[in-house]
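Colleague: Pasting a structure here, questions to come.
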Amino acid sequence: MPALNYTLPDFTAHLGLNLFFARVLVEHPGWGRPGARIESIYGNFPGCRLNGGRAYLREPFTPQQINWTFSVLAEYGIQPRLTLTNMQATVQELDGPYARIILEAAARAGAGAIVYNEELGREVQRRYGLPLTLSTTVPLETTAQLNQKLRDYDYVVLDYNRHKDEDYLQAIERPEKAELMVNEFCVKGCPHRQEHYRHNSEDQQQGQLRPFPCRSNRPDFFDHKPGHPVQFTADEVDAVAQRHSISQFKIVGRGAPTATLAEACLHYLIKPEANETVRALLAQATSR
C-alpha cells in the first residue's frame, strides 16, 4: 500500500481534534487506514496579516503560545505549515514584528510555508529556509503550468477542477510533489472562488469580517459518495495513489465546523470497522 501523507487543517482552532487523531494512529495503528499518516498540519496564528484563505482575527498569540504550539506538534512528529497565502500581502510585511516572531519560531520548528505570492515565498525561503508549497489559491489549469511549478516548489496543490481528470493526473511529471485536496468544498468550476479568496485576504489585512455568502449552491460540506465531482472517497484516494504515485493529500476545513472536520478525519484516516469505536472515544474526549 502506498503512503498516504495527510496534511490537516489548523494548528490553532482545531489543534485538539487533530492531536486526538494523531494519538489514535500512534496508540492504535490497527485502526488506521493502510498507509494513512498525519504528516503536517497547516494554518496560521490569529491576527497575522500574511494569513490567507480564511480570515483569522482573534487576539494575536504571544511568543510563548506560538512556541508551545510548535513544540506540541513536534512531540507527535508533525510538521507545521504556515499559511502565508494572503493575496494582498507584500514582501515588506515580512518585516512586521508579529510576522518575524512567527517566522523565526517556524524556522526553529522545521515548519514549511504555503504561499500565493511567488516573490514573498522566495523571500521567506531565503530568510528562513522554509520549504514552500504553492497554494490552491493559484489555479493551475494546464499540466504545462503545473509541471513548471513542480520544478519550482517543494509541493504544489493541484487545481481542484482537474484533480479527478485522469489525463491531467497522468501527465504530472513529479507526482511525489503534487498535493491533492480530498474534500474540497467548492462546487466544480465555481466562478466566485478567486473573488472569495481576495475578499478574505482583504478582511485579514483590514482586520474585519465581512460576510461572503456562497453564490453557487454549494452542497453539504462533506459528501463521501463515489463519483462526487471534486471530492474523493477514501477508496478513491487509495486508487489515485496507486495509479499515479501521488502520496500527499490535504483535508480542507479551516473555516468548517469541528464536527465536519471530525467526519472527514474519520473517513480518510480510520478504517470503516474502527469508525464507531473512534467516534465514541472522540465523544468521550470532548465531553470532559
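In the C-alpha cells, chains take letters A, B, ... by order of appearance, with residues numbered from 1 within each chain and ligands from 1 in the order shown.
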Within 10 Å of Ala22 in chain A, counting only C-alpha atoms, which residues qualify if same-chain residues fewer than 2 places away don't, as number ranges by chain?
Modeller: A: 16-20, 24-28, 37-39, 73, 76-78, 269
Colleague: Any chance you can output those residues with N, CA, C and O atoms as a compact mmCIF listing (two decimals), in the first residue's frame?
Modeller:
```txt
# COMPACT_ATOMS: atom_id res chain seq x y z
N GLY A 16 -6.73 20.53 19.07
CA GLY A 16 -7.12 19.41 19.92
C GLY A 16 -7.67 18.24 19.12
O GLY A 16 -7.33 17.08 19.37
N LEU A 17 -8.52 18.54 18.16
CA LEU A 17 -9.10 17.48 17.33
C LEU A 17 -8.01 16.77 16.52
O LEU A 17 -7.97 15.54 16.44
N ASN A 18 -7.11 17.54 15.93
CA ASN A 18 -6.05 16.94 15.13
C ASN A 18 -5.14 16.07 15.97
O ASN A 18 -4.72 14.98 15.54
N LEU A 19 -4.81 16.52 17.18
CA LEU A 19 -3.95 15.72 18.04
C LEU A 19 -4.67 14.47 18.53
O LEU A 19 -4.02 13.44 18.78
N PHE A 20 -5.98 14.54 18.68
CA PHE A 20 -6.74 13.33 19.02
C PHE A 20 -6.50 12.25 17.97
O PHE A 20 -6.20 11.09 18.29
N VAL A 24 -4.60 8.56 18.22
CA VAL A 24 -5.25 7.31 17.82
C VAL A 24 -4.37 6.51 16.86
O VAL A 24 -4.20 5.30 17.01
N LEU A 25 -3.80 7.19 15.88
CA LEU A 25 -2.98 6.48 14.89
C LEU A 25 -1.70 5.93 15.50
O LEU A 25 -1.20 4.89 15.07
N VAL A 26 -1.16 6.62 16.52
CA VAL A 26 0.05 6.13 17.19
C VAL A 26 -0.28 5.00 18.16
O VAL A 26 0.41 3.96 18.18
N GLU A 27 -1.33 5.17 18.96
CA GLU A 27 -1.64 4.20 20.01
C GLU A 27 -2.41 2.99 19.50
O GLU A 27 -2.37 1.92 20.10
N HIS A 28 -3.13 3.16 18.40
CA HIS A 28 -3.93 2.06 17.84
C HIS A 28 -3.70 1.99 16.32
O HIS A 28 -4.61 2.24 15.53
N ARG A 37 -1.19 8.50 7.34
CA ARG A 37 -0.50 9.13 8.46
C ARG A 37 -0.70 10.63 8.38
O ARG A 37 -0.95 11.18 7.30
N ILE A 38 -0.59 11.29 9.54
CA ILE A 38 -0.68 12.75 9.59
C ILE A 38 0.73 13.29 9.49
O ILE A 38 1.53 13.17 10.43
N GLU A 39 1.07 13.84 8.35
CA GLU A 39 2.42 14.36 8.14
C GLU A 39 2.56 15.80 8.60
O GLU A 39 3.59 16.20 9.14
N LEU A 73 3.31 20.01 18.35
CA LEU A 73 3.33 19.30 17.08
C LEU A 73 4.61 18.46 16.96
O LEU A 73 4.58 17.32 16.45
N TYR A 76 4.62 14.98 18.36
CA TYR A 76 3.94 13.96 17.56
C TYR A 76 4.63 13.74 16.21
O TYR A 76 4.14 12.97 15.38
N GLY A 77 5.74 14.42 15.99
CA GLY A 77 6.43 14.29 14.71
C GLY A 77 5.66 14.89 13.55
O GLY A 77 5.79 14.44 12.41
N ILE A 78 4.86 15.92 13.83
CA ILE A 78 4.02 16.55 12.81
C ILE A 78 4.62 17.90 12.44
O ILE A 78 4.93 18.72 13.30
N LEU A 269 -8.88 8.74 7.59
CA LEU A 269 -7.79 8.23 8.41
C LEU A 269 -8.10 6.90 9.09
O LEU A 269 -7.16 6.16 9.43
```
Colleague: Among range 29-244 of chain A, which residues carry a DSSP assignment of helix (DSSP H, G or I), reported as a ChimeraX atom specification?
Modeller: /A:29-31,63-75,91-95,97-108,118-128,143-152,166-170,175-177,193-206,234-244
Colleague: Which neighbours of Arg81 in chain A fall inside 6 Å, counting only C-alpha atoms, when residues of the same chain fewer than 3 positions from it are skipped, and could you give them as an mmCIF file with all heavy atoms, in the first residue's frame?
Modeller:
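The file below, part-v2.cif, is the result:
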```cif
data_model
loop_
_atom_site.group_PDB
_atom_site.id
_atom_site.type_symbol
_atom_site.label_atom_id
_atom_site.label_comp_id
_atom_site.auth_asym_id
_atom_site.auth_seq_id
_atom_site.Cartn_x
_atom_site.Cartn_y
_atom_site.Cartn_z
ATOM 1 N N TYR A 42 -1.646 22.501 8.795
ATOM 2 C CA TYR A 42 -1.422 23.839 8.250
ATOM 3 C C TYR A 42 -2.297 24.862 8.959
ATOM 4 O O TYR A 42 -3.289 24.527 9.619
ATOM 5 C CB TYR A 42 -1.668 23.864 6.741
ATOM 6 C CG TYR A 42 -3.088 23.546 6.305
ATOM 7 C CD1 TYR A 42 -3.994 24.562 6.038
ATOM 8 C CD2 TYR A 42 -3.515 22.228 6.147
ATOM 9 C CE1 TYR A 42 -5.288 24.276 5.624
ATOM 10 C CE2 TYR A 42 -4.801 21.929 5.739
ATOM 11 C CZ TYR A 42 -5.684 22.952 5.473
ATOM 12 O OH TYR A 42 -6.965 22.660 5.075
ATOM 13 N N ALA A 111 9.297 24.148 10.205
ATOM 14 C CA ALA A 111 8.000 24.292 9.534
ATOM 15 C C ALA A 111 8.185 24.480 8.033
ATOM 16 O O ALA A 111 9.283 24.770 7.535
ATOM 17 C CB ALA A 111 7.239 25.488 10.112
ATOM 18 N N GLY A 112 7.087 24.305 7.306
ATOM 19 C CA GLY A 112 7.008 24.683 5.913
ATOM 20 C C GLY A 112 6.129 25.909 5.777
ATOM 21 O O GLY A 112 5.577 26.418 6.762
ATOM 22 N N ALA A 113 5.994 26.408 4.557
ATOM 23 C CA ALA A 113 5.143 27.565 4.293
ATOM 24 C C ALA A 113 4.332 27.316 3.037
ATOM 25 O O ALA A 113 4.839 26.759 2.060
ATOM 26 C CB ALA A 113 5.972 28.829 4.134
#
```
Colleague: Write out as a ChimeraX atom specification each polymer residue whose atoms come within 9 Å of Lys164 in chain A, counting only C-alpha atoms; drop sequence neighbours fewer than 6 positions from it.
Modeller: /A:229-232,240
Colleague: Please produce a file of those selected residues containing N, CA and C atoms, as a PDB file, in the first residue's frame.
Modeller:
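Saved file again-v9.pdb follows:
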```pdb
ATOM      1  N   PRO A 229     -18.118  15.137  -7.962  1.00  0.00           N
ATOM      2  CA  PRO A 229     -17.345  15.888  -8.972  1.00  0.00           C
ATOM      3  C   PRO A 229     -15.958  16.326  -8.516  1.00  0.00           C
ATOM      4  N   VAL A 230     -15.792  16.684  -7.213  1.00  0.00           N
ATOM      5  CA  VAL A 230     -14.474  17.154  -6.777  1.00  0.00           C
ATOM      6  C   VAL A 230     -13.975  16.476  -5.505  1.00  0.00           C
ATOM      7  N   GLN A 231     -14.852  15.869  -4.723  1.00  0.00           N
ATOM      8  CA  GLN A 231     -14.423  15.210  -3.508  1.00  0.00           C
ATOM      9  C   GLN A 231     -14.093  13.740  -3.778  1.00  0.00           C
ATOM     10  N   PHE A 232     -13.186  13.200  -2.950  1.00  0.00           N
ATOM     11  CA  PHE A 232     -12.749  11.819  -3.077  1.00  0.00           C
ATOM     12  C   PHE A 232     -13.282  10.995  -1.905  1.00  0.00           C
ATOM     13  N   VAL A 240      -6.068   6.590  -6.545  1.00  0.00           N
ATOM     14  CA  VAL A 240      -5.260   7.604  -7.215  1.00  0.00           C
ATOM     15  C   VAL A 240      -3.803   7.525  -6.750  1.00  0.00           C
TER      16      VAL A 240
END
```
Colleague: Can you list, as number ranges by chain, every protein, DNA or RNA residue that comes within 12 Å of Arg127 in chain A when you count only C-alpha atoms, leaving out same-chain residues fewer than 5 positions away?
Modeller: A: 91, 94-95, 100, 103-104, 106-107, 120-122
Colleague: Next, dump the selected residues to file, keeping only all heavy atoms, as a compact mmCIF listing (two decimals), in the first residue's frame.
Modeller:
```
# COMPACT_ATOMS: atom_id res chain seq x y z
N VAL A 91 6.15 41.71 0.30
CA VAL A 91 7.39 41.28 0.94
C VAL A 91 7.70 42.15 2.15
O VAL A 91 8.23 41.66 3.16
CB VAL A 91 8.55 41.32 -0.08
CG1 VAL A 91 9.89 41.11 0.60
CG2 VAL A 91 8.33 40.27 -1.17
N LEU A 94 6.92 41.07 5.74
CA LEU A 94 7.76 40.11 6.46
C LEU A 94 8.55 40.81 7.56
O LEU A 94 9.04 40.16 8.48
CB LEU A 94 8.72 39.42 5.50
CG LEU A 94 8.09 38.53 4.42
CD1 LEU A 94 9.17 37.99 3.50
CD2 LEU A 94 7.31 37.37 5.05
N ASP A 95 8.69 42.12 7.46
CA ASP A 95 9.45 42.88 8.46
C ASP A 95 8.61 43.28 9.66
O ASP A 95 9.14 43.85 10.63
CB ASP A 95 10.05 44.14 7.83
CG ASP A 95 11.06 43.80 6.74
OD1 ASP A 95 11.82 42.82 6.92
OD2 ASP A 95 11.08 44.50 5.71
N ARG A 100 7.72 38.45 12.06
CA ARG A 100 9.07 37.96 12.37
C ARG A 100 9.06 36.95 13.51
O ARG A 100 9.75 35.93 13.45
CB ARG A 100 10.00 39.14 12.72
CG ARG A 100 10.38 40.00 11.52
CD ARG A 100 11.70 40.74 11.78
NE ARG A 100 11.67 41.47 13.05
CZ ARG A 100 11.23 42.71 13.19
NH1 ARG A 100 10.77 43.38 12.15
NH2 ARG A 100 11.25 43.30 14.37
N LEU A 103 7.66 33.67 12.04
CA LEU A 103 8.55 33.02 11.08
C LEU A 103 9.83 32.52 11.74
O LEU A 103 10.35 31.45 11.38
CB LEU A 103 8.86 33.98 9.93
CG LEU A 103 7.70 34.13 8.95
CD1 LEU A 103 7.84 35.42 8.13
CD2 LEU A 103 7.62 32.93 8.03
N GLU A 104 10.36 33.25 12.70
CA GLU A 104 11.53 32.77 13.41
C GLU A 104 11.22 31.51 14.20
O GLU A 104 12.01 30.55 14.22
CB GLU A 104 12.06 33.87 14.33
CG GLU A 104 12.73 35.01 13.58
CD GLU A 104 12.99 36.23 14.45
OE1 GLU A 104 12.71 36.17 15.67
OE2 GLU A 104 13.48 37.26 13.92
N ALA A 106 8.82 29.43 13.44
CA ALA A 106 8.57 28.40 12.44
C ALA A 106 9.87 27.79 11.93
O ALA A 106 9.99 26.58 11.73
CB ALA A 106 7.77 28.99 11.28
N ALA A 107 10.87 28.65 11.70
CA ALA A 107 12.16 28.15 11.23
C ALA A 107 12.80 27.23 12.26
O ALA A 107 13.35 26.17 11.92
CB ALA A 107 13.09 29.32 10.91
N LEU A 120 7.16 36.85 -2.42
CA LEU A 120 7.12 36.71 -0.97
C LEU A 120 7.61 35.33 -0.55
O LEU A 120 8.38 35.19 0.41
CB LEU A 120 5.69 36.97 -0.47
CG LEU A 120 5.49 37.02 1.04
CD1 LEU A 120 4.39 38.02 1.39
CD2 LEU A 120 5.12 35.67 1.61
N GLY A 121 7.18 34.31 -1.28
CA GLY A 121 7.61 32.95 -0.95
C GLY A 121 9.11 32.78 -1.04
O GLY A 121 9.74 32.17 -0.16
N ARG A 122 9.71 33.31 -2.09
CA ARG A 122 11.16 33.18 -2.25
C ARG A 122 11.90 33.92 -1.14
O ARG A 122 12.97 33.47 -0.68
CB ARG A 122 11.59 33.72 -3.62
CG ARG A 122 11.08 32.90 -4.78
CD ARG A 122 11.51 31.45 -4.70
NE ARG A 122 10.83 30.62 -5.68
CZ ARG A 122 10.63 29.32 -5.55
NH1 ARG A 122 11.03 28.69 -4.45
NH2 ARG A 122 10.02 28.63 -6.48
```
Colleague: Could you pull out the strand (DSSP E or B) residues of range 28-153 of chain A from DSSP and send them as a ChimeraX atom specification?
Modeller: /A:32,36-43,79-84,112-115,132-134
Colleague: Now that the selection is made, can you save its residues with N, CA, C and O atoms as a short mmCIF file (atom, residue, chain, number, x, y, z; two decimals), in the first residue's frame?
Modeller:
```
data_model
loop_
_atom_site.label_atom_id
_atom_site.label_comp_id
_atom_site.auth_asym_id
_atom_site.auth_seq_id
_atom_site.Cartn_x
_atom_site.Cartn_y
_atom_site.Cartn_z
N GLY A 32 -6.10 2.57 11.92
CA GLY A 32 -5.90 3.50 10.82
C GLY A 32 -6.01 2.82 9.47
O GLY A 32 -5.73 1.62 9.32
N ALA A 36 -2.15 5.46 5.85
CA ALA A 36 -2.54 6.82 6.25
C ALA A 36 -1.74 7.30 7.46
O ALA A 36 -1.63 6.59 8.46
N ARG A 37 -1.19 8.50 7.34
CA ARG A 37 -0.50 9.13 8.46
C ARG A 37 -0.70 10.63 8.38
O ARG A 37 -0.95 11.18 7.30
N ILE A 38 -0.59 11.29 9.54
CA ILE A 38 -0.68 12.75 9.59
C ILE A 38 0.73 13.29 9.49
O ILE A 38 1.53 13.17 10.43
N GLU A 39 1.07 13.84 8.35
CA GLU A 39 2.42 14.36 8.14
C GLU A 39 2.56 15.80 8.60
O GLU A 39 3.59 16.20 9.14
N SER A 40 1.51 16.60 8.38
CA SER A 40 1.60 18.02 8.70
C SER A 40 0.23 18.58 9.04
O SER A 40 -0.80 17.98 8.74
N ILE A 41 0.24 19.73 9.70
CA ILE A 41 -0.98 20.49 9.99
C ILE A 41 -0.71 21.92 9.55
O ILE A 41 0.33 22.50 9.88
N TYR A 42 -1.65 22.50 8.79
CA TYR A 42 -1.42 23.84 8.25
C TYR A 42 -2.30 24.86 8.96
O TYR A 42 -3.29 24.53 9.62
N GLY A 43 -1.92 26.12 8.81
CA GLY A 43 -2.69 27.20 9.43
C GLY A 43 -1.80 28.41 9.69
O GLY A 43 -0.69 28.50 9.18
N GLN A 79 4.76 18.13 11.14
CA GLN A 79 5.30 19.40 10.67
C GLN A 79 4.21 20.46 10.61
O GLN A 79 3.15 20.22 10.04
N PRO A 80 4.45 21.67 11.15
CA PRO A 80 3.53 22.77 10.91
C PRO A 80 3.80 23.38 9.53
O PRO A 80 4.96 23.44 9.10
N ARG A 81 2.73 23.80 8.86
CA ARG A 81 2.89 24.52 7.60
C ARG A 81 2.15 25.85 7.72
O ARG A 81 0.93 25.88 7.86
N LEU A 82 2.90 26.92 7.66
CA LEU A 82 2.33 28.26 7.81
C LEU A 82 1.59 28.66 6.54
O LEU A 82 2.15 28.61 5.44
N THR A 83 0.35 29.09 6.70
CA THR A 83 -0.43 29.57 5.56
C THR A 83 -0.16 31.06 5.37
O THR A 83 -0.69 31.90 6.10
N LEU A 84 0.66 31.35 4.37
CA LEU A 84 1.06 32.73 4.06
C LEU A 84 0.50 33.11 2.70
O LEU A 84 1.21 33.59 1.82
N GLY A 112 7.09 24.30 7.31
CA GLY A 112 7.01 24.68 5.91
C GLY A 112 6.13 25.91 5.78
O GLY A 112 5.58 26.42 6.76
N ALA A 113 5.99 26.41 4.56
CA ALA A 113 5.14 27.56 4.29
C ALA A 113 4.33 27.32 3.04
O ALA A 113 4.84 26.76 2.06
N ILE A 114 3.07 27.72 3.08
CA ILE A 114 2.18 27.66 1.92
C ILE A 114 2.02 29.09 1.42
O ILE A 114 1.66 29.98 2.20
N VAL A 115 2.28 29.32 0.13
CA VAL A 115 2.35 30.69 -0.35
C VAL A 115 1.51 30.88 -1.61
O VAL A 115 1.23 29.94 -2.35
N LEU A 132 8.63 25.31 0.53
CA LEU A 132 7.46 26.02 0.04
C LEU A 132 6.46 25.10 -0.64
O LEU A 132 6.83 24.26 -1.46
N THR A 133 5.19 25.32 -0.30
CA THR A 133 4.06 24.72 -1.00
C THR A 133 3.33 25.82 -1.75
O THR A 133 3.00 26.85 -1.15
N LEU A 134 3.08 25.63 -3.04
CA LEU A 134 2.30 26.60 -3.80
C LEU A 134 0.82 26.32 -3.55
O LEU A 134 0.33 25.22 -3.76
#
```
Colleague: So which residues touch Ala13 in chain A within 12 Å, counting only C-alpha atoms, skipping near sequence neighbours fewer than 3 positions away, as a ChimeraX atom specification?
Modeller: /A:8-10,16-19,41-46,56-58,69,253-258,261
Colleague: Could you dump the residues just selected with C-alpha atoms as a PDB file, in the first residue's frame?
Modeller:
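To be explicit, this is the file written out as again13.pdb:
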```
ATOM      1  CA  LEU A   8      -4.843  18.554   8.258  1.00  0.00           C
ATOM      2  CA  PRO A   9      -6.393  21.989   8.770  1.00  0.00           C
ATOM      3  CA  ASP A  10      -5.455  24.334  11.564  1.00  0.00           C
ATOM      4  CA  GLY A  16      -7.115  19.408  19.923  1.00  0.00           C
ATOM      5  CA  LEU A  17      -9.096  17.478  17.331  1.00  0.00           C
ATOM      6  CA  ASN A  18      -6.052  16.940  15.126  1.00  0.00           C
ATOM      7  CA  LEU A  19      -3.954  15.721  18.042  1.00  0.00           C
ATOM      8  CA  ILE A  41      -0.978  20.491   9.986  1.00  0.00           C
ATOM      9  CA  TYR A  42      -1.422  23.839   8.250  1.00  0.00           C
ATOM     10  CA  GLY A  43      -2.690  27.204   9.425  1.00  0.00           C
ATOM     11  CA  ASN A  44      -1.527  30.479  10.898  1.00  0.00           C
ATOM     12  CA  PHE A  45      -1.858  32.456  14.102  1.00  0.00           C
ATOM     13  CA  PRO A  46      -4.690  34.952  14.644  1.00  0.00           C
ATOM     14  CA  TYR A  56      -8.500  34.837  11.284  1.00  0.00           C
ATOM     15  CA  LEU A  57      -8.700  37.902  13.516  1.00  0.00           C
ATOM     16  CA  ARG A  58      -8.712  36.953  17.196  1.00  0.00           C
ATOM     17  CA  THR A  69       2.023  25.203  19.576  1.00  0.00           C
ATOM     18  CA  GLY A 253     -11.696  22.786   6.587  1.00  0.00           C
ATOM     19  CA  ARG A 254     -10.050  25.669   8.462  1.00  0.00           C
ATOM     20  CA  GLY A 255     -13.351  27.519   8.428  1.00  0.00           C
ATOM     21  CA  ALA A 256     -15.557  24.458   8.819  1.00  0.00           C
ATOM     22  CA  PRO A 257     -17.362  23.331  11.975  1.00  0.00           C
ATOM     23  CA  THR A 258     -15.373  20.962  14.165  1.00  0.00           C
ATOM     24  CA  LEU A 261     -13.711  18.141  10.160  1.00  0.00           C
TER      25      LEU A 261
END
```
Colleague: So that I can see what lies close to range 195-210 of chain A, please list as a list in words the residues with an atom at most 6 Å from it, counting only C-alpha atoms and leaving out residues fewer than 2 positions away in the same chain.
Modeller: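 The residues satisfying every condition are Arg49, Gly52, Gly53, Arg54, Ala55, Asn86, Met87, His192 and Arg193 of chain A.
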Colleague: Could you check which of A:Gln65, A:Gln170, A:Thr260, A:Gln148 is closest to Phe185 in chain A, using only C-alpha atoms?
Modeller: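 Going through A:Gln65, A:Gln170, A:Thr260, A:Gln148 one by one, the smallest distance to Phe185 in chain A is for A:Thr260.
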Colleague: Interatomic distance between CA of Lys225 in chain A and CA of Ile270 in chain A?
Modeller: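 Separating CA of Lys225 in chain A from CA of Ile270 in chain A is a distance of 16.6 Å.
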Colleague: So, with only C-alpha atoms as the atoms that count, which of A:Asp154, A:Asp165, A:Gln92, A:Pro139 lies closest to Gly227 in chain A?
Modeller: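 Closest to Gly227 in chain A, using only C-alpha atoms: A:Asp165.
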Colleague: Would you mind reading off the distance between CA of Leu169 in chain A and CA of Thr136 in chain A, one decimal, in Å?
Modeller: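 Separating CA of Leu169 in chain A from CA of Thr136 in chain A is a distance of 15.9 Å.
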